[in-house]
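What's in run07.txt: compact mmCIF, C-alpha atoms
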# COMPACT_ATOMS: atom_id res chain seq x y z
CA MET A 1 -25.09 22.35 48.91
CA LYS A 2 -22.94 19.79 50.64
CA ASP A 3 -24.32 17.18 48.26
CA ASN A 4 -23.39 19.25 45.26
CA LEU A 5 -19.87 19.80 46.52
CA TYR A 6 -19.48 16.08 47.11
CA THR A 7 -20.73 15.27 43.62
CA LEU A 8 -18.41 17.82 42.08
CA GLY A 9 -15.45 16.61 44.10
CA TYR A 10 -16.21 13.01 43.20
CA ALA A 11 -16.41 13.82 39.49
CA VAL A 12 -13.12 15.72 39.62
CA ALA A 13 -11.44 12.88 41.50
CA VAL A 14 -12.65 10.16 39.11
CA GLY A 15 -11.71 12.31 36.11
CA ALA A 16 -8.26 13.07 37.48
CA ILE A 17 -7.48 9.45 38.34
CA CYS A 18 -8.65 8.19 34.94
CA ALA A 19 -6.73 10.91 33.12
CA GLY A 20 -3.59 10.19 35.13
CA LEU A 21 -3.79 6.48 34.38
CA LEU A 22 -4.28 7.08 30.67
CA THR A 23 -1.43 9.57 30.48
CA ALA A 24 0.89 7.08 32.15
CA ALA A 25 -0.23 4.32 29.78
CA ALA A 26 0.20 6.52 26.71
CA GLU A 27 3.67 7.58 27.85
CA PHE A 28 4.67 4.01 28.51
CA THR A 29 3.46 2.63 25.16
CA ALA A 30 4.61 5.59 23.03
CA PRO A 31 8.06 4.19 22.10
CA TYR A 32 6.53 0.82 21.17
CA ARG A 33 3.81 2.43 19.07
CA GLU A 34 6.37 4.62 17.29
CA ALA A 35 8.58 1.61 16.59
CA ASN A 36 5.56 -0.19 15.13
CA GLN A 37 4.80 2.81 12.98
CA ARG A 38 8.37 3.00 11.68
CA ALA A 39 8.39 -0.73 10.95
CA ASP A 40 5.11 -0.34 9.12
CA GLU A 41 6.57 2.46 6.99
CA MET A 42 9.59 0.35 6.15
CA ARG A 43 7.36 -2.58 5.27
CA ASN A 44 5.43 -0.34 2.88
CA ILE A 45 8.54 1.11 1.24
CA LEU A 46 9.94 -2.39 0.75
CA ALA A 47 6.59 -3.48 -0.69
CA VAL A 48 6.46 -0.72 -3.34
CA LEU A 49 10.09 -1.35 -4.20
CA GLU A 50 9.13 -5.02 -4.62
CA ILE A 51 11.72 -6.29 -2.16
CA PRO A 52 10.42 -9.53 -0.68
CA VAL A 53 10.23 -9.81 3.12
CA ALA A 54 8.74 -12.55 5.26
CA PRO A 55 5.12 -11.67 6.11
CA GLY A 56 5.68 -11.84 9.87
CA ALA A 57 9.06 -10.10 9.84
CA GLY A 58 9.85 -8.15 12.98
CA ALA A 59 11.25 -4.63 13.20
CA GLU A 60 14.88 -5.78 13.36
CA GLU A 61 14.65 -7.94 10.28
CA LEU A 62 12.93 -5.16 8.37
CA THR A 63 15.58 -2.63 9.36
CA GLU A 64 18.32 -4.98 8.21
CA VAL A 65 16.78 -5.56 4.78
CA PHE A 66 15.94 -1.89 4.52
CA ASP A 67 19.48 -0.72 5.27
CA GLN A 68 20.88 -3.21 2.79
CA ARG A 69 18.59 -2.59 -0.14
CA VAL A 70 17.35 0.98 0.19
CA ARG A 71 19.23 4.28 -0.01
CA ARG A 72 17.38 7.26 1.34
CA GLU A 73 17.87 10.77 0.02
CA THR A 74 16.07 14.03 0.63
CA LYS A 75 15.57 16.35 -2.32
CA ASP A 76 13.85 19.55 -1.24
CA SER A 77 10.40 18.52 -0.07
CA LEU A 78 10.69 15.05 -1.51
CA THR A 79 12.09 12.02 0.28
CA VAL A 80 13.36 9.54 -2.26
CA TYR A 81 14.15 5.87 -1.62
CA PHE A 82 16.44 4.27 -4.19
CA LEU A 83 16.45 0.54 -4.72
CA VAL A 84 20.06 -0.61 -4.37
CA GLY A 85 20.78 -3.49 -6.71
CA ASP A 86 23.64 -5.99 -6.68
CA ASP A 87 25.87 -3.37 -8.25
CA PRO A 88 25.63 -0.26 -6.05
CA GLN A 89 27.07 1.95 -8.79
CA ALA A 90 24.41 1.09 -11.35
CA GLU A 91 21.45 3.31 -12.01
CA PRO A 92 18.62 2.30 -9.61
CA GLU A 93 15.97 0.16 -11.27
CA LEU A 94 13.23 1.56 -9.13
CA VAL A 95 12.74 4.64 -6.98
CA ALA A 96 10.12 5.26 -4.35
CA VAL A 97 8.93 8.62 -3.07
CA ASP A 98 6.78 9.46 -0.10
CA VAL A 99 3.52 11.25 -0.76
CA VAL A 100 1.31 13.22 1.60
CA GLY A 101 -1.98 14.79 0.72
CA ARG A 102 -5.24 15.98 2.10
CA GLY A 103 -7.89 13.30 2.56
CA LEU A 104 -11.50 13.60 3.62
CA TRP A 105 -10.96 13.40 7.39
CA GLY A 106 -7.22 13.82 7.65
CA PRO A 107 -3.96 13.48 5.79
CA ILE A 108 -3.30 10.53 3.51
CA ARG A 109 0.28 9.25 3.58
CA GLY A 110 1.74 6.72 1.25
CA PHE A 111 4.57 5.67 -1.02
CA VAL A 112 4.75 5.56 -4.79
CA SER A 113 7.41 3.64 -6.67
CA LEU A 114 8.42 4.75 -10.14
CA GLU A 115 10.37 3.30 -13.05
CA PRO A 116 13.74 4.99 -13.82
CA ASP A 117 11.91 7.42 -16.13
CA TRP A 118 10.44 8.95 -12.95
CA ASP A 119 7.04 8.91 -14.59
CA THR A 120 5.70 5.39 -14.98
CA ILE A 121 4.19 4.02 -11.77
CA ARG A 122 5.15 0.61 -10.48
CA GLY A 123 3.38 0.43 -7.15
CA VAL A 124 1.41 2.55 -4.69
CA THR A 125 0.58 2.11 -1.01
CA PHE A 126 -1.35 4.29 1.40
CA HIS A 127 -0.33 3.24 4.88
CA ASP A 128 -1.69 6.04 7.01
CA HIS A 129 -5.06 7.71 6.56
CA ASN A 130 -8.33 8.34 8.40
CA GLU A 131 -10.73 7.71 5.53
CA THR A 132 -14.18 6.25 6.19
CA PRO A 133 -13.92 2.50 6.87
CA GLY A 134 -15.61 0.51 4.10
CA LEU A 135 -15.68 3.48 1.70
CA GLY A 136 -12.68 5.78 1.46
CA ALA A 137 -10.52 3.36 3.42
CA GLU A 138 -10.71 1.00 0.45
CA ILE A 139 -7.95 3.12 -1.14
CA SER A 140 -5.44 1.00 0.77
CA HIS A 141 -6.83 -2.23 -0.70
CA ASP A 142 -4.95 -4.02 -3.45
CA SER A 143 -7.93 -4.00 -5.79
CA PHE A 144 -7.67 -0.21 -5.95
CA LEU A 145 -3.89 0.11 -5.71
CA ASP A 146 -3.09 -2.50 -8.36
CA GLN A 147 -4.73 -0.30 -10.99
CA PHE A 148 -1.87 2.20 -10.73
CA ARG A 149 0.74 -0.18 -12.07
CA GLY A 150 1.97 1.07 -15.46
CA LYS A 151 0.02 4.35 -15.27
CA ARG A 152 1.87 7.59 -15.95
CA LEU A 153 2.09 10.75 -13.88
CA THR A 154 2.38 13.24 -16.76
CA ASP A 155 1.01 13.40 -20.28
CA GLU A 156 3.04 13.87 -23.49
CA ASP A 157 3.42 17.61 -22.86
CA GLY A 158 4.80 16.96 -19.41
CA GLN A 159 1.68 18.18 -17.61
CA PRO A 160 0.40 16.35 -14.51
CA ALA A 161 -2.39 14.21 -15.92
CA LEU A 162 -3.21 11.23 -13.73
CA GLN A 163 -6.87 11.17 -12.71
CA VAL A 164 -9.11 9.00 -10.56
CA VAL A 165 -12.38 8.81 -12.50
CA SER A 166 -15.78 7.57 -11.36
CA SER A 167 -15.98 4.80 -13.94
CA GLY A 168 -14.68 3.58 -17.27
CA ALA A 169 -11.02 4.34 -16.72
CA ASP A 170 -9.14 4.18 -19.97
CA GLY A 171 -5.56 4.79 -21.06
CA PRO A 172 -2.42 5.37 -19.06
CA TRP A 173 -3.69 8.42 -17.16
CA GLN A 174 -6.90 7.16 -15.56
CA VAL A 175 -7.79 4.76 -12.77
CA ASP A 176 -11.25 3.79 -11.54
CA GLY A 177 -12.41 5.35 -8.31
CA ILE A 178 -14.44 3.77 -5.52
CA SER A 179 -18.17 4.37 -5.45
CA GLY A 180 -19.25 6.11 -2.28
CA ALA A 181 -15.82 7.62 -1.82
CA THR A 182 -15.80 10.39 -4.42
CA ILE A 183 -14.05 12.99 -2.26
CA THR A 184 -11.35 10.59 -1.14
CA CYS A 185 -10.75 9.52 -4.74
CA ASP A 186 -10.58 13.12 -5.95
CA ARG A 187 -8.03 13.84 -3.24
CA VAL A 188 -5.97 10.82 -4.28
CA GLY A 189 -5.96 12.27 -7.80
CA ASP A 190 -4.84 15.65 -6.42
CA LEU A 191 -2.10 13.91 -4.49
CA MET A 192 -0.78 12.14 -7.58
CA ARG A 193 -0.78 15.35 -9.65
CA ASP A 194 0.99 17.19 -6.79
CA LEU A 195 3.57 14.45 -6.83
CA ALA A 196 4.10 14.97 -10.58
CA ARG A 197 4.69 18.68 -9.96
CA GLN A 198 7.07 18.01 -7.08
CA ILE A 199 9.08 15.59 -9.20
CA GLN A 200 9.32 18.12 -12.02
CA GLU A 201 10.70 20.70 -9.58
CA VAL A 202 13.25 18.34 -8.15
CA ARG A 203 14.55 16.98 -11.42
CA MET B 1 -31.36 -29.68 36.43
CA MET B 2 -32.38 -26.19 37.35
CA SER B 3 -32.64 -26.65 41.08
CA THR B 4 -32.24 -22.94 41.70
CA ALA B 5 -34.90 -20.71 40.25
CA PRO B 6 -33.66 -18.23 37.63
CA LEU B 7 -31.65 -15.76 39.60
CA ASP B 8 -32.72 -12.24 40.17
CA PRO B 9 -29.47 -10.32 40.73
CA ALA B 10 -31.04 -8.48 43.67
CA THR B 11 -31.96 -11.70 45.50
CA ALA B 12 -28.60 -13.16 44.60
CA ALA B 13 -26.93 -10.51 46.68
CA GLU B 14 -29.03 -11.28 49.74
CA GLY B 15 -27.96 -13.98 52.09
CA CYS B 16 -24.43 -13.47 50.93
CA GLY B 17 -23.66 -10.89 53.55
CA GLY B 18 -20.14 -11.16 54.86
CA CYS B 19 -19.47 -14.66 53.67
CA GLY B 20 -16.50 -13.34 51.72
CA LYS B 21 -15.16 -16.77 50.91
CA GLY B 22 -14.74 -18.23 47.46
CA PHE B 23 -17.84 -18.48 45.39
CA CYS B 24 -20.20 -17.58 48.23
CA ASP B 25 -21.48 -21.13 48.67
CA GLY B 26 -22.71 -21.82 45.16
CA LYS B 27 -24.14 -18.35 44.72
CA GLY B 28 -21.25 -17.53 42.41
CA ARG B 29 -21.83 -20.63 40.35
CA ALA B 30 -25.50 -19.81 39.94
CA ILE B 31 -24.67 -16.28 38.88
CA PHE B 32 -22.10 -17.57 36.45
CA LYS B 33 -24.58 -19.94 34.84
CA GLU B 34 -27.29 -17.30 34.69
CA THR B 35 -25.11 -14.65 33.03
CA SER B 36 -23.10 -16.83 30.68
CA TRP B 37 -25.69 -19.42 29.68
CA THR B 38 -29.33 -18.77 30.61
CA SER B 39 -29.14 -15.13 29.58
CA ASN B 40 -26.02 -15.23 27.41
CA PRO B 41 -25.25 -11.65 26.39
CA VAL B 42 -25.03 -12.36 22.67
CA ALA B 43 -27.15 -15.43 21.95
CA VAL B 44 -30.03 -14.68 24.33
CA GLN B 45 -29.98 -10.94 24.94
CA THR B 46 -28.60 -10.23 21.44
CA LEU B 47 -26.29 -7.53 22.77
CA GLY B 48 -22.84 -6.84 21.34
CA ILE B 49 -23.95 -7.89 17.86
CA CYS B 50 -21.78 -5.24 16.22
CA PRO B 51 -18.40 -6.74 17.19
CA ALA B 52 -19.86 -10.23 16.82
CA LEU B 53 -20.43 -9.47 13.14
CA ALA B 54 -17.43 -7.27 12.49
CA VAL B 55 -14.40 -9.01 13.95
CA THR B 56 -15.38 -12.68 13.58
CA THR B 57 -13.89 -13.22 10.12
CA ARG B 58 -11.02 -15.06 11.83
CA LEU B 59 -10.89 -17.16 14.97
CA GLU B 60 -7.82 -15.34 16.28
CA ASN B 61 -9.48 -11.95 15.95
CA SER B 62 -12.54 -13.26 17.81
CA LEU B 63 -10.39 -14.54 20.66
CA VAL B 64 -8.39 -11.31 21.03
CA MET B 65 -11.58 -9.27 20.91
CA GLY B 66 -13.08 -11.56 23.55
CA ALA B 67 -10.01 -11.22 25.76
CA ALA B 68 -10.18 -7.42 25.48
CA MET B 69 -13.85 -7.59 26.39
CA ILE B 70 -13.21 -9.80 29.44
CA PHE B 71 -10.49 -7.42 30.63
CA VAL B 72 -12.69 -4.36 30.30
CA CYS B 73 -15.78 -6.02 31.73
CA VAL B 74 -14.05 -7.50 34.78
CA GLY B 75 -11.90 -4.46 35.48
CA SER B 76 -14.61 -1.86 35.17
CA THR B 77 -17.38 -3.73 36.97
CA PHE B 78 -14.98 -4.51 39.81
CA MET B 79 -14.12 -0.83 40.19
CA LEU B 80 -17.74 0.22 39.92
CA SER B 81 -18.79 -2.34 42.48
CA LEU B 82 -16.08 -1.11 44.87
CA LEU B 83 -17.31 2.45 44.43
CA ARG B 84 -21.01 1.58 44.50
CA HIS B 85 -21.68 3.20 47.90
CA THR B 86 -19.62 6.31 47.31
CA THR B 87 -20.81 7.17 43.79
CA PRO B 88 -23.42 9.95 43.80
CA ARG B 89 -26.59 8.67 42.10
CA ARG B 90 -26.82 11.68 39.80
CA ILE B 91 -23.49 11.19 38.07
CA ARG B 92 -23.58 7.40 38.27
CA LEU B 93 -23.71 6.88 34.50
CA ILE B 94 -21.01 9.42 33.72
CA ALA B 95 -18.71 7.86 36.29
CA SER B 96 -19.41 4.39 34.87
CA VAL B 97 -18.63 5.47 31.34
CA ALA B 98 -15.45 7.27 32.44
CA ILE B 99 -14.19 4.16 34.20
CA ILE B 100 -15.17 1.82 31.36
CA ALA B 101 -13.51 4.15 28.85
CA THR B 102 -10.32 4.14 30.89
CA PHE B 103 -10.10 0.36 30.76
CA VAL B 104 -10.93 0.32 27.05
CA ILE B 105 -8.21 2.83 26.19
CA LEU B 106 -5.71 0.92 28.34
CA ILE B 107 -6.29 -2.33 26.42
CA ASP B 108 -6.35 -0.47 23.11
CA GLN B 109 -2.97 1.13 23.83
CA PHE B 110 -1.62 -2.22 24.91
CA LEU B 111 -2.70 -3.87 21.65
CA ARG B 112 -1.30 -1.00 19.58
CA ALA B 113 2.05 -1.30 21.34
CA PHE B 114 2.46 -5.07 21.41
CA TYR B 115 0.05 -6.57 18.87
CA TRP B 116 0.21 -3.97 16.10
CA GLU B 117 -1.07 -6.22 13.30
CA MET B 118 -3.96 -7.46 15.39
CA SER B 119 -4.88 -3.98 16.51
CA ARG B 120 -4.98 -2.89 12.86
CA GLN B 121 -7.24 -5.78 11.94
CA LEU B 122 -9.63 -5.14 14.81
CA GLY B 123 -9.79 -1.52 13.67
CA PRO B 124 -12.17 0.62 15.66
CA TYR B 125 -13.92 -2.27 17.41
CA VAL B 126 -11.70 -2.41 20.49
CA GLY B 127 -12.35 1.29 21.08
CA LEU B 128 -16.04 0.69 20.55
CA ILE B 129 -16.20 -1.57 23.61
CA ILE B 130 -16.84 1.73 25.43
CA THR B 131 -20.31 1.81 23.93
CA ASN B 132 -20.88 -1.92 24.25
CA CYS B 133 -24.21 -2.62 25.96
CA ILE B 134 -22.87 -5.71 27.67
CA VAL B 135 -20.35 -3.83 29.82
CA LEU B 136 -22.66 -0.99 30.79
CA GLY B 137 -25.51 -3.48 31.20
CA ARG B 138 -23.58 -5.63 33.70
CA ALA B 139 -22.37 -2.48 35.47
CA GLU B 140 -25.86 -1.06 35.87
CA ALA B 141 -27.79 -4.28 36.43
CA PHE B 142 -25.35 -6.10 38.64
CA ALA B 143 -22.16 -4.42 39.79
CA MET B 144 -23.94 -1.38 41.21
CA GLN B 145 -25.92 -3.57 43.62
CA ASN B 146 -23.47 -6.31 44.48
CA LYS B 147 -20.22 -7.01 46.24
CA PRO B 148 -17.00 -6.79 44.21
CA GLN B 149 -16.28 -10.52 44.31
CA LEU B 150 -19.72 -11.33 42.91
CA ALA B 151 -19.36 -8.54 40.34
CA ILE B 152 -16.16 -10.18 39.12
CA VAL B 153 -17.90 -13.53 38.74
CA ASP B 154 -20.77 -11.90 36.88
CA ALA B 155 -18.46 -9.91 34.59
CA LEU B 156 -16.33 -12.97 33.88
CA ALA B 157 -19.47 -14.88 32.98
CA ALA B 158 -20.62 -12.13 30.64
CA GLY B 159 -17.16 -11.86 29.06
CA ILE B 160 -16.76 -15.60 28.65
CA GLY B 161 -20.30 -15.91 27.28
CA PHE B 162 -19.46 -13.19 24.74
CA THR B 163 -16.09 -14.71 23.83
CA THR B 164 -17.53 -18.19 23.38
CA ILE B 165 -20.12 -16.98 20.89
CA LEU B 166 -17.53 -14.91 19.01
CA ALA B 167 -15.15 -17.86 18.93
CA ILE B 168 -17.84 -20.20 17.54
CA VAL B 169 -18.82 -17.69 14.85
CA GLY B 170 -15.14 -16.99 14.09
CA PHE B 171 -14.42 -20.75 13.91
CA PHE B 172 -17.05 -21.39 11.23
CA ARG B 173 -16.37 -18.22 9.27
CA GLU B 174 -12.62 -18.76 9.08
CA LEU B 175 -12.97 -22.48 8.36
CA LEU B 176 -15.59 -22.13 5.63
CA GLY B 177 -14.55 -18.70 4.37
CA GLU B 178 -10.81 -19.12 4.15
CA GLY B 179 -10.27 -22.82 4.77
CA THR B 180 -7.91 -22.07 7.65
CA LEU B 181 -8.02 -22.14 11.44
CA LEU B 182 -5.83 -19.72 13.40
CA GLY B 183 -3.98 -19.22 10.12
CA TYR B 184 -3.22 -22.92 9.55
CA VAL B 185 -4.59 -24.46 6.36
CA VAL B 186 -7.26 -27.04 7.22
CA LEU B 187 -9.35 -27.25 4.06
CA HIS B 188 -6.78 -27.30 1.29
CA PRO B 189 -7.40 -24.83 -1.56
CA ASP B 190 -6.76 -27.66 -4.05
CA TRP B 191 -10.08 -29.31 -3.25
CA TYR B 192 -11.93 -26.70 -1.21
CA THR B 193 -13.52 -23.66 -2.80
CA LYS B 194 -13.46 -20.74 -0.39
CA ASN B 195 -16.91 -19.52 0.50
CA LEU B 196 -16.87 -15.76 0.14
CA VAL B 197 -20.27 -15.37 1.82
CA MET B 198 -18.74 -16.48 5.11
CA VAL B 199 -16.06 -13.79 4.91
CA LEU B 200 -18.65 -11.08 4.34
CA ALA B 201 -21.24 -9.92 6.88
CA PRO B 202 -24.10 -12.20 5.70
CA GLY B 203 -22.04 -15.22 6.76
CA ALA B 204 -21.95 -13.87 10.30
CA PHE B 205 -25.72 -13.41 10.30
CA VAL B 206 -26.27 -16.98 9.11
CA VAL B 207 -23.95 -18.49 11.74
CA MET B 208 -25.43 -16.26 14.47
CA GLY B 209 -28.94 -17.31 13.44
CA PHE B 210 -28.10 -20.99 13.75
CA LEU B 211 -26.39 -20.35 17.09
CA ILE B 212 -29.37 -18.50 18.54
CA ALA B 213 -31.70 -21.27 17.34
CA LEU B 214 -29.43 -23.86 18.96
CA PHE B 215 -29.39 -21.87 22.21
CA ASN B 216 -33.19 -21.65 22.26
CA TRP B 217 -33.58 -25.34 21.57
CA LEU B 218 -31.07 -26.39 24.26
CA GLN B 219 -32.57 -24.07 26.83
CA GLN B 220 -36.10 -25.24 26.15
CA LYS B 221 -34.93 -28.80 26.70
CA ASP B 222 -33.25 -27.59 29.89
CA VAL B 223 -36.50 -26.11 31.21
CA GLN B 224 -38.62 -29.11 30.22
CA GLY B 225 -36.13 -31.49 31.76
CA SER B 226 -36.29 -29.90 35.18

Show the structure stored in the file as structure tokens.
Amino acid sequence: MKDNLYTLGYAVAVGAICAGLLTAAAEFTAPYREANQRADEMRNILAVLEIPVAPGAGAEELTEVFDQRVRRETKDSLTVYFLVGDDPQAEPELVAVDVVGRGLWGPIRGFVSLEPDWDTIRGVTFHDHNETPGLGAEISHDSFLDQFRGKRLTDEDGQPALQVVSSGADGPWQVDGISGATITCDRVGDLMRDLARQIQEVR
Amino acid sequence: MMSTAPLDPATAAEGCGGCGKGFCDGKGRAIFKETSWTSNPVAVQTLGICPALAVTTRLENSLVMGAAMIFVCVGSTFMLSLLRHTTPRRIRLIASVAIIATFVILIDQFLRAFYWEMSRQLGPYVGLIITNCIVLGRAEAFAMQNKPQLAIVDALAAGIGFTTILAIVGFFRELLGEGTLLGYVVLHPDWYTKNLVMVLAPGAFVVMGFLIALFNWLQQKDVQGS
């Protein structure tokens, strides 16, 4: 009986000390991790808007470039990032929107940049997701993302049409998926068609 | 060369009672050699192969992974050795894993906060140190029976043995696979064709195979020479 109590007490004590330490560490690093996350988002927005930044640029440098070249606007559920050119009054050459969708294990977050027609895709990034490493996680690799360049969100009738297909992608509304990651790829397709709908509502 | 017989951790602890100074009169050195060289965790015991294959595409990644491993190994075995008389036998393993996990999460949080890029590249492998056989192996086989100062020496030896192997594999894979070392161009792309095999997992297996063969050969010579 005494033994059991000792064992129980010991377990509680070890658990409590470890938990306390970890809570303190998480609290302490939280602002730094959030800053890293924000910098990462900015880096991705700048990347889809094709604004060059030094590869090792720190958070401050990124913020500076971001504030100078990007104008942020919220339209209903859509956050839009306009590329500000040399002439601030001119029509933006490129717009980026943030996208969120369901993935296999958790949400997929990313940015899509569009030509001024709000339909033709220039670039796509997925910066935050929990897809399976080596399979679904390949959606954030350039080999997959580069396919989206020049594809269109809606067909001639204005219906959301972009699809991720298993193989033999053809035409402006299809991109090749990743083998072994069918669900993730289907969800990416859903996400792009949702984006088309959202854009139609906003415009 | 091998004047001391291969060390049994249990006998290593004996005769060290209360010396408390430095390396315990050569005992520490013998333990260090045993754990890092004679029974190197990766090359001889073939433990920790998963990170050795996964994160060694670049030398820098190997070194950071090794540093994380040394931190976790030294920290947790030291704590476990301190607590070795008070830990109830029945929950020994659970307590070990809880303490190891604490150290792993600490270093993981640290990397996420201050080395964001690196932490992204290492992916899940820092967190997976929790399940690494080397840490739990040293905790169970050594730290639970020995004084804290010896446990530190043993854990350092295991960590350094691990890091050295990772660094060697990372050196060859980065050099041959990408033509760079720590990010600096060594083999210029104008005249060097990057070897994709080295970037992918098979390259790690090939380098590891050569390393293990080299280890066996050197150690056989060591035994014959004595």

Go through chain B residue by residue and, counting only C-alpha atoms, keep those with an atom at most 6 Å from chain A; for each kept residue give the shortest atom pair and its distance in Å to one decimal, ordered by chain and increasing number, as CSV.
residue,atom,partner,partner_atom,distance
B:Pro88,CA,A:Thr7,CA,6.0
B:Thr102,CA,A:Cys18,CA,6.0
B:Ala113,CA,A:Arg33,CA,4.7

Given 5 Å of margin on each side, can you work out the centre and size in Å (one decimal) of an axis-aligned box holding every listed atom of region 99-103 of chain A, as AutoDock Vina command-line options?
--center_x -2.2 --center_y 13.6 --center_z 0.9 --size_x 21.4 --size_y 14.7 --size_z 13.3

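Computed from the coordinates, the CA of Glu61 (chain A) to CA of Leu181 (chain B) distance equals 26.8 Å.
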
Within 6 Å of region 142-149 of chain A, counting only C-alpha atoms, which residues qualify if same-chain residues fewer than 4 places away don't, as a PyMOL selection string? chain A and resi 121-124

Residue nearest Ile178 (chain A) among A:Leu191, A:Leu135, A:Ala161, A:Ala57 (counting only C-alpha atoms):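 Result for the nearest residue to Ile178 (chain A): A:Leu135.
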
Would you kindly return, as a ChimeraX atom specification, each protein, DNA or RNA residue with an atom no farther than 9 Å from any atom of Met69 (chain B), considering only C-alpha atoms and excluding same-chain residues fewer than 3 positions away? /B:64-66,72-74,104,126,129,135,159-160,162-163

So which residues fall inside 10 Å of (-7.9, -7.9, 13.3) if we count only C-alpha atoms? Mind giving them as number ranges by chain? B: 54-62, 64-65, 115-126

Atomic distance CA of Asp119 (chain A) - CA of Ala196 (chain A), expressed in Å with one decimal: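 Atom-to-atom, CA of Asp119 (chain A) to CA of Ala196 (chain A), that is 7.8 Å.
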
In Å, how far is it from CA of Leu47 (chain B) to CA of Phe114 (chain B)? 28.9 Å

Find the residues near region 99-104 of chain A: any atom within 7 Å, counting all atoms listed in the file, skip ones fewer than 3 places away on the same chain, and give them as a VMD selection string. chain A and resid 107 to 111 131 183 to 184 187 191 195

Exercise: Lys75 (chain A) partners within 12 Å, only C-alpha atoms, chain neighbours under 2 positions left out, as number ranges by chain: A: 72-73, 77-81, 97-98, 198-203

Since we have the selection now, will you write its residues out, keeping C-alpha atoms, as a PDB file, keeping the file's coordinate frame?
ATOM      1  CA  ARG A  72      17.380   7.260   1.340  1.00  0.00           C
ATOM      2  CA  GLU A  73      17.870  10.770   0.020  1.00  0.00           C
ATOM      3  CA  SER A  77      10.400  18.520  -0.070  1.00  0.00           C
ATOM      4  CA  LEU A  78      10.690  15.050  -1.510  1.00  0.00           C
ATOM      5  CA  THR A  79      12.090  12.020   0.280  1.00  0.00           C
ATOM      6  CA  VAL A  80      13.360   9.540  -2.260  1.00  0.00           C
ATOM      7  CA  TYR A  81      14.150   5.870  -1.620  1.00  0.00           C
ATOM      8  CA  VAL A  97       8.930   8.620  -3.070  1.00  0.00           C
ATOM      9  CA  ASP A  98       6.780   9.460  -0.100  1.00  0.00           C
ATOM     10  CA  GLN A 198       7.070  18.010  -7.080  1.00  0.00           C
ATOM     11  CA  ILE A 199       9.080  15.590  -9.200  1.00  0.00           C
ATOM     12  CA  GLN A 200       9.320  18.120 -12.020  1.00  0.00           C
ATOM     13  CA  GLU A 201      10.700  20.700  -9.580  1.00  0.00           C
ATOM     14  CA  VAL A 202      13.250  18.340  -8.150  1.00  0.00           C
ATOM     15  CA  ARG A 203      14.550  16.980 -11.420  1.00  0.00           C
TER      16      ARG A 203
END

Quick one: everything within 9 Å of Leu49 (chain A), counting only C-alpha atoms, minus sequence neighbours fewer than 4 positions away in the same chain. Send it as a list in words. Asn44, Ile45, Val70, Tyr81, Phe82, Leu83, Leu94, Val95, Ala96, Val112, Ser113, Leu114, Arg122 and Gly123 of chain A
